[in-house]
Amino acid sequence: MRLVHINLLQPGMKLGKRIFSEEGLVLLSEDVELTSRLIGRLKDLGIGYVYIQDAATEDIVVPDMLQEETKRRALVEIKQQFQHMSGSRSKNQITHFGKALSGVMNSILEDIGSQKEAMIMLMDMNSSDFDLYNHSLNVCVYTLVLGVASGYSRQQLMEIGLGALLHDIGKTQIASEILHKPSRLSDEEFKIIQQHTTYGHRILKDEPGIPLLAAHCALQHHERIDGSGYPSGLKGNEIHEYAKWIALADSYDAMTTNRVYRKALLPHQAVEVLYTGSGTLYEQRMLEKFRDCVAIYPVGLSVTLSTGEVGVVAAIQPRVPQRPLVRVLKDARGEMLASPYEINLATELSVMITGVEGVDSTAAIPMGEPLNN
């Protein structure tokens with residue numbers, strides 16, 4: 001299959017992967033044949049990219065970071081626990097959830113551990129919108145990949161994993177009309193949103209089965225090394241390392257997920273934005289590790305090469321994820337090749353990816369952190 005920009009969809013194309021709503025419901029199943037009406041509906045939903053079936057790429061398999069059952073179970077548990085405490089500030093009203101979420105964490109770690117070389121690959125490229133439950137799971141998975149790459153022990157992975165899974169739990173205490181506002185927040189509303197870090201710490205710090213470090217992750221994941229973050233304006237080593245990793249994963253997922261006020265960025269664009277904060281918002285060594293763990297060009301993505309040819313990312317090479325294997329489908333004149341061929345960018349160093357088919361490479365990439373994050 002291949003990943004196609006919404007502007008390149010044509011009636012008659014068949015979906016290669018299901019499309020989900022923000023509630024986790026299936027909007028369109030795989031194998032559905034697209035019509036003009038369905039394409040228009042996808043555009044209305046703000047979906048930027050869709051996986052489609054294609055004879056020239058039918059052997060290209062887009063990997064999933066988690067097994068379907070692991071992801072389903074995790075989202076059910078996250079939603080159940082988060083909804084239970086939504087709007088509730090009284091500790092007495094909150095049931096203990098450490099044991100249930102620790103079981104989820106074990107399953108996630110098993111899935112990640114089963115991969116030969118785990119990479120950060122987009123979890124929901126064609127979901128219709130951002131939601132707290134999927135975001136919490138995505139940040140957890142991305143952070144765990146970084147933890148594995150950093151050589152963390154099993155205990156450390158459980159600590160940082162739970163911290164990442166629950167980093168935004170304080171948002172259950174924020175009014176929905178502010179949390180889901182489809183436009184820029186006012187200064188007063190942003191101050192209210194900022195309180196989710198202290199709410200999260202308050203919820204987690206005495207929770208049985210939840211490490212105290214997870215509570216610190218909830219408190220500190222919006223702190224930045226130059227002191228410009230919140231809630232305490234901590235600097236450098238005053239911020240726990242776990243919270244620094246989660247900050248990167250949190251911002252990355254927010255940027256690569258559709259929002260009602262803007263479309264998702266592609267991974268390479270999001271990494272570019274993160275790098276604008278090198279040495280100020282984020283530690284350079286962490287950004288470098290993050291970059292080395294991210295598949296910045298997802299498998300199946302249609303890309304333009306410096307030769308003028310167009311191809312599809314066929315495989316990610318973990319040691320050089322920025323230089324994937326590309327299957328060339330069109331020549332420099334835009335004509336389909338009778339016999340597609342593959343080019344290994346890790347060895348063909350004179351050839352580079354210069355753009356994504358269907359995307360204006362001159363379009364401005366938003367700088368700074370995502371709105372309402």
# chains A, B, ... in the order shown; residues from 1 in each chain; ligands from 1
>>> select_by_dssp(residues="stretch 47-177 of chain A", states="strand (DSSP E or B)", output="ChimeraX atom specification")
/A:49-52,120
>>> write_last_selection(atoms="C-alpha atoms", output="PDB file, in the first residue's frame")
ATOM      1  CA  TYR A  49      -3.319  11.484   4.156  1.00  0.00           C
ATOM      2  CA  VAL A  50      -4.894   8.134   3.364  1.00  0.00           C
ATOM      3  CA  TYR A  51      -3.415   4.672   2.857  1.00  0.00           C
ATOM      4  CA  ILE A  52      -4.567   3.188  -0.444  1.00  0.00           C
ATOM      5  CA  ILE A 120       9.077   5.794  16.217  1.00  0.00           C
TER       6      ILE A 120
END
>>> select_by_dssp(residues="stretch 49-259 of chain A", states="alpha helix (DSSP H)", output="NGL selection string")
:A and (68-85 or 98-113 or 132-149 or 154-165 or 176-179 or 187-194 or 196-204 or 212-220 or 241-255)
>>> residues_around(residues="A:Ile296", least_positions_apart="4", cutoff="10 Å", atoms="only C-alpha atoms", output="list of chain:residue names")
A:Met119, A:Ile120, A:Met121, A:Leu122, A:Leu266, A:Pro267, A:His268, A:Gln269, A:Ala270, A:Val271, A:Arg291, A:Asp292, A:Ile316, A:Pro321, A:Gln322, A:Arg323, A:Pro324
>>> residues_around(residues="A:Gln67", least_positions_apart="6", cutoff="10 Å", atoms="only C-alpha atoms", output="list of chain:residue names")
A:Ser107, A:Ile108, A:Asp111, A:Ile112
>>> write_last_selection(atoms="all heavy atoms", output="compact mmCIF listing (two decimals), in the first residue's frame")
# COMPACT_ATOMS: atom_id res chain seq x y z
N SER A 107 1.94 -5.15 28.45
CA SER A 107 1.60 -5.56 27.08
C SER A 107 2.29 -4.67 26.05
O SER A 107 2.80 -5.15 25.03
CB SER A 107 0.08 -5.53 26.88
OG SER A 107 -0.57 -6.44 27.72
N ILE A 108 2.31 -3.37 26.31
CA ILE A 108 2.96 -2.43 25.40
C ILE A 108 4.45 -2.72 25.31
O ILE A 108 5.05 -2.75 24.22
CB ILE A 108 2.71 -0.97 25.84
CG1 ILE A 108 1.22 -0.63 25.72
CG2 ILE A 108 3.55 0.00 25.01
CD1 ILE A 108 0.86 0.73 26.31
N ASP A 111 5.15 -5.75 23.19
CA ASP A 111 5.05 -5.48 21.75
C ASP A 111 6.29 -4.75 21.24
O ASP A 111 6.84 -5.08 20.18
CB ASP A 111 3.80 -4.64 21.46
CG ASP A 111 2.54 -5.48 21.41
OD1 ASP A 111 2.60 -6.66 21.78
OD2 ASP A 111 1.49 -4.95 21.02
N ILE A 112 6.74 -3.74 21.99
CA ILE A 112 7.92 -2.98 21.56
C ILE A 112 9.16 -3.86 21.62
O ILE A 112 10.01 -3.83 20.72
CB ILE A 112 8.09 -1.73 22.44
CG1 ILE A 112 6.94 -0.75 22.18
CG2 ILE A 112 9.44 -1.05 22.17
CD1 ILE A 112 6.94 0.46 23.08
>>> residues_around(residues="stretch 1-16 of chain A", least_positions_apart="3", cutoff="8 Å", atoms="only C-alpha atoms", output="VMD selection string")
chain A and resid 29 to 36 39 42 to 43 47 to 54 57 to 62 299 to 302 312 357 to 359
>>> write_last_selection(atoms="N, CA, C and O atoms", output="short mmCIF file (atom, residue, chain, number, x, y, z; two decimals), in the first residue's frame")
data_model
loop_
_atom_site.label_atom_id
_atom_site.label_comp_id
_atom_site.auth_asym_id
_atom_site.auth_seq_id
_atom_site.Cartn_x
_atom_site.Cartn_y
_atom_site.Cartn_z
N SER A 29 -13.78 1.37 6.39
CA SER A 29 -12.98 0.16 6.52
C SER A 29 -12.02 0.03 5.35
O SER A 29 -12.20 0.65 4.29
N GLU A 30 -10.98 -0.79 5.55
CA GLU A 30 -10.07 -1.07 4.44
C GLU A 30 -10.83 -1.79 3.34
O GLU A 30 -11.86 -2.42 3.58
N ASP A 31 -10.37 -1.65 2.13
CA ASP A 31 -10.98 -2.22 0.92
C ASP A 31 -12.16 -1.41 0.39
O ASP A 31 -12.71 -1.71 -0.67
N VAL A 32 -12.58 -0.37 1.12
CA VAL A 32 -13.67 0.48 0.63
C VAL A 32 -13.20 1.25 -0.60
O VAL A 32 -12.11 1.82 -0.62
N GLU A 33 -14.03 1.23 -1.64
CA GLU A 33 -13.70 1.97 -2.85
C GLU A 33 -14.16 3.42 -2.70
O GLU A 33 -15.31 3.69 -2.39
N LEU A 34 -13.23 4.34 -2.91
CA LEU A 34 -13.53 5.76 -2.73
C LEU A 34 -14.36 6.31 -3.88
O LEU A 34 -14.17 5.95 -5.03
N THR A 35 -15.29 7.18 -3.51
CA THR A 35 -16.10 7.91 -4.48
C THR A 35 -15.82 9.40 -4.29
O THR A 35 -15.19 9.80 -3.32
N SER A 36 -16.32 10.20 -5.19
CA SER A 36 -16.15 11.65 -5.07
C SER A 36 -16.75 12.15 -3.76
O SER A 36 -16.19 13.02 -3.08
N ILE A 39 -14.48 11.13 -0.81
CA ILE A 39 -13.27 11.95 -0.80
C ILE A 39 -13.58 13.33 -0.24
O ILE A 39 -12.83 13.89 0.57
N LEU A 42 -13.89 13.09 3.52
CA LEU A 42 -12.58 13.00 4.17
C LEU A 42 -11.92 14.37 4.26
O LEU A 42 -11.31 14.71 5.27
N LYS A 43 -12.07 15.17 3.21
CA LYS A 43 -11.52 16.53 3.24
C LYS A 43 -12.23 17.36 4.29
O LYS A 43 -11.59 18.13 5.02
N ILE A 47 -8.80 15.26 7.20
CA ILE A 47 -7.80 14.20 7.03
C ILE A 47 -6.84 14.59 5.92
O ILE A 47 -7.25 14.99 4.83
N GLY A 48 -5.54 14.49 6.20
CA GLY A 48 -4.55 14.93 5.23
C GLY A 48 -3.99 13.84 4.35
O GLY A 48 -3.61 14.08 3.20
N TYR A 49 -3.93 12.59 4.88
CA TYR A 49 -3.32 11.48 4.16
C TYR A 49 -4.14 10.21 4.36
O TYR A 49 -4.75 10.02 5.41
N VAL A 50 -4.12 9.38 3.32
CA VAL A 50 -4.89 8.13 3.36
C VAL A 50 -4.04 7.01 2.78
O VAL A 50 -3.34 7.21 1.77
N TYR A 51 -4.08 5.86 3.41
CA TYR A 51 -3.41 4.67 2.86
C TYR A 51 -4.32 4.05 1.81
O TYR A 51 -5.50 3.80 2.06
N ILE A 52 -3.78 3.82 0.61
CA ILE A 52 -4.57 3.19 -0.44
C ILE A 52 -3.85 1.94 -0.95
O ILE A 52 -2.63 1.79 -0.81
N GLN A 53 -4.62 1.05 -1.54
CA GLN A 53 -4.06 -0.14 -2.16
C GLN A 53 -3.56 0.23 -3.55
O GLN A 53 -4.14 1.09 -4.22
N ASP A 54 -2.48 -0.44 -3.94
CA ASP A 54 -1.85 -0.08 -5.20
C ASP A 54 -1.06 -1.28 -5.70
O ASP A 54 -0.27 -1.87 -4.96
N THR A 57 2.69 -1.35 -5.33
CA THR A 57 3.25 -1.36 -3.97
C THR A 57 2.52 -2.35 -3.07
O THR A 57 2.53 -2.22 -1.85
N GLU A 58 1.89 -3.35 -3.68
CA GLU A 58 1.07 -4.27 -2.89
C GLU A 58 1.89 -5.09 -1.89
O GLU A 58 1.35 -5.59 -0.91
N ASP A 59 3.19 -5.22 -2.13
CA ASP A 59 4.03 -5.98 -1.20
C ASP A 59 4.64 -5.11 -0.10
O ASP A 59 5.33 -5.62 0.78
N ILE A 60 4.38 -3.81 -0.17
CA ILE A 60 4.91 -2.92 0.87
C ILE A 60 3.95 -2.94 2.06
O ILE A 60 2.78 -2.56 1.94
N VAL A 61 4.45 -3.39 3.18
CA VAL A 61 3.63 -3.52 4.38
C VAL A 61 3.96 -2.38 5.33
O VAL A 61 5.12 -2.16 5.68
N VAL A 62 2.93 -1.64 5.74
CA VAL A 62 3.12 -0.55 6.69
C VAL A 62 3.07 -1.13 8.09
O VAL A 62 2.04 -1.64 8.53
N VAL A 299 6.81 4.57 5.99
CA VAL A 299 6.69 3.56 4.94
C VAL A 299 5.39 3.79 4.18
O VAL A 299 4.33 3.97 4.76
N GLY A 300 5.49 3.78 2.84
CA GLY A 300 4.32 3.99 2.01
C GLY A 300 4.15 5.43 1.53
O GLY A 300 3.34 5.69 0.64
N LEU A 301 4.92 6.38 2.09
CA LEU A 301 4.78 7.78 1.72
C LEU A 301 5.30 8.03 0.30
O LEU A 301 6.37 7.55 -0.08
N SER A 302 4.53 8.79 -0.48
CA SER A 302 4.95 9.16 -1.84
C SER A 302 5.88 10.37 -1.77
O SER A 302 5.49 11.42 -1.26
N VAL A 312 7.90 5.69 -3.73
CA VAL A 312 7.25 5.39 -2.46
C VAL A 312 8.29 4.81 -1.50
O VAL A 312 9.11 3.98 -1.91
N GLU A 357 4.94 14.13 -2.45
CA GLU A 357 4.03 14.31 -3.58
C GLU A 357 2.70 14.87 -3.10
O GLU A 357 2.09 14.35 -2.16
N GLY A 358 2.25 15.94 -3.73
CA GLY A 358 0.97 16.54 -3.39
C GLY A 358 1.05 17.61 -2.33
O GLY A 358 0.05 18.27 -2.02
N VAL A 359 2.26 17.84 -1.76
CA VAL A 359 2.42 18.83 -0.70
C VAL A 359 3.28 19.97 -1.21
O VAL A 359 4.34 19.75 -1.81
#
>>> closest_residue(among="A:Tyr142, A:Ile78, A:Ile19, A:Gly209", to="A:Ser102", atoms="only C-alpha atoms")
A:Gly209
>>> atom_distance(atom1="atom CA of A:Thr347", atom2="atom CA of A:Lys116")
22.1 Å
>>> closest_residue(among="A:Asn344, A:Asn106, A:Ser153, A:Thr172", to="A:Val320", atoms="only C-alpha atoms")
A:Asn344
>>> atom_distance(atom1="atom CA of A:Glu309", atom2="atom CA of A:Glu348")
14.3 Å
>>> residues_around(residues="A:Gly233", least_positions_apart="6", cutoff="8 Å", atoms="only C-alpha atoms", output="JSON, numbers by chain")
{"A": [223, 224, 227]}
>>> residues_around(residues="A:Thr354", least_positions_apart="5", cutoff="10 Å", atoms="only C-alpha atoms", output="VMD selection string")
chain A and resid 303 to 308 361
>>> atom_distance(atom1="atom CA of A:Lys244", atom2="atom CA of A:Met286")
8.3 Å
>>> closest_residue(among="A:Trp245, A:Ala315, A:Ile203, A:Leu101", to="A:Ala149", atoms="only C-alpha atoms")
A:Trp245
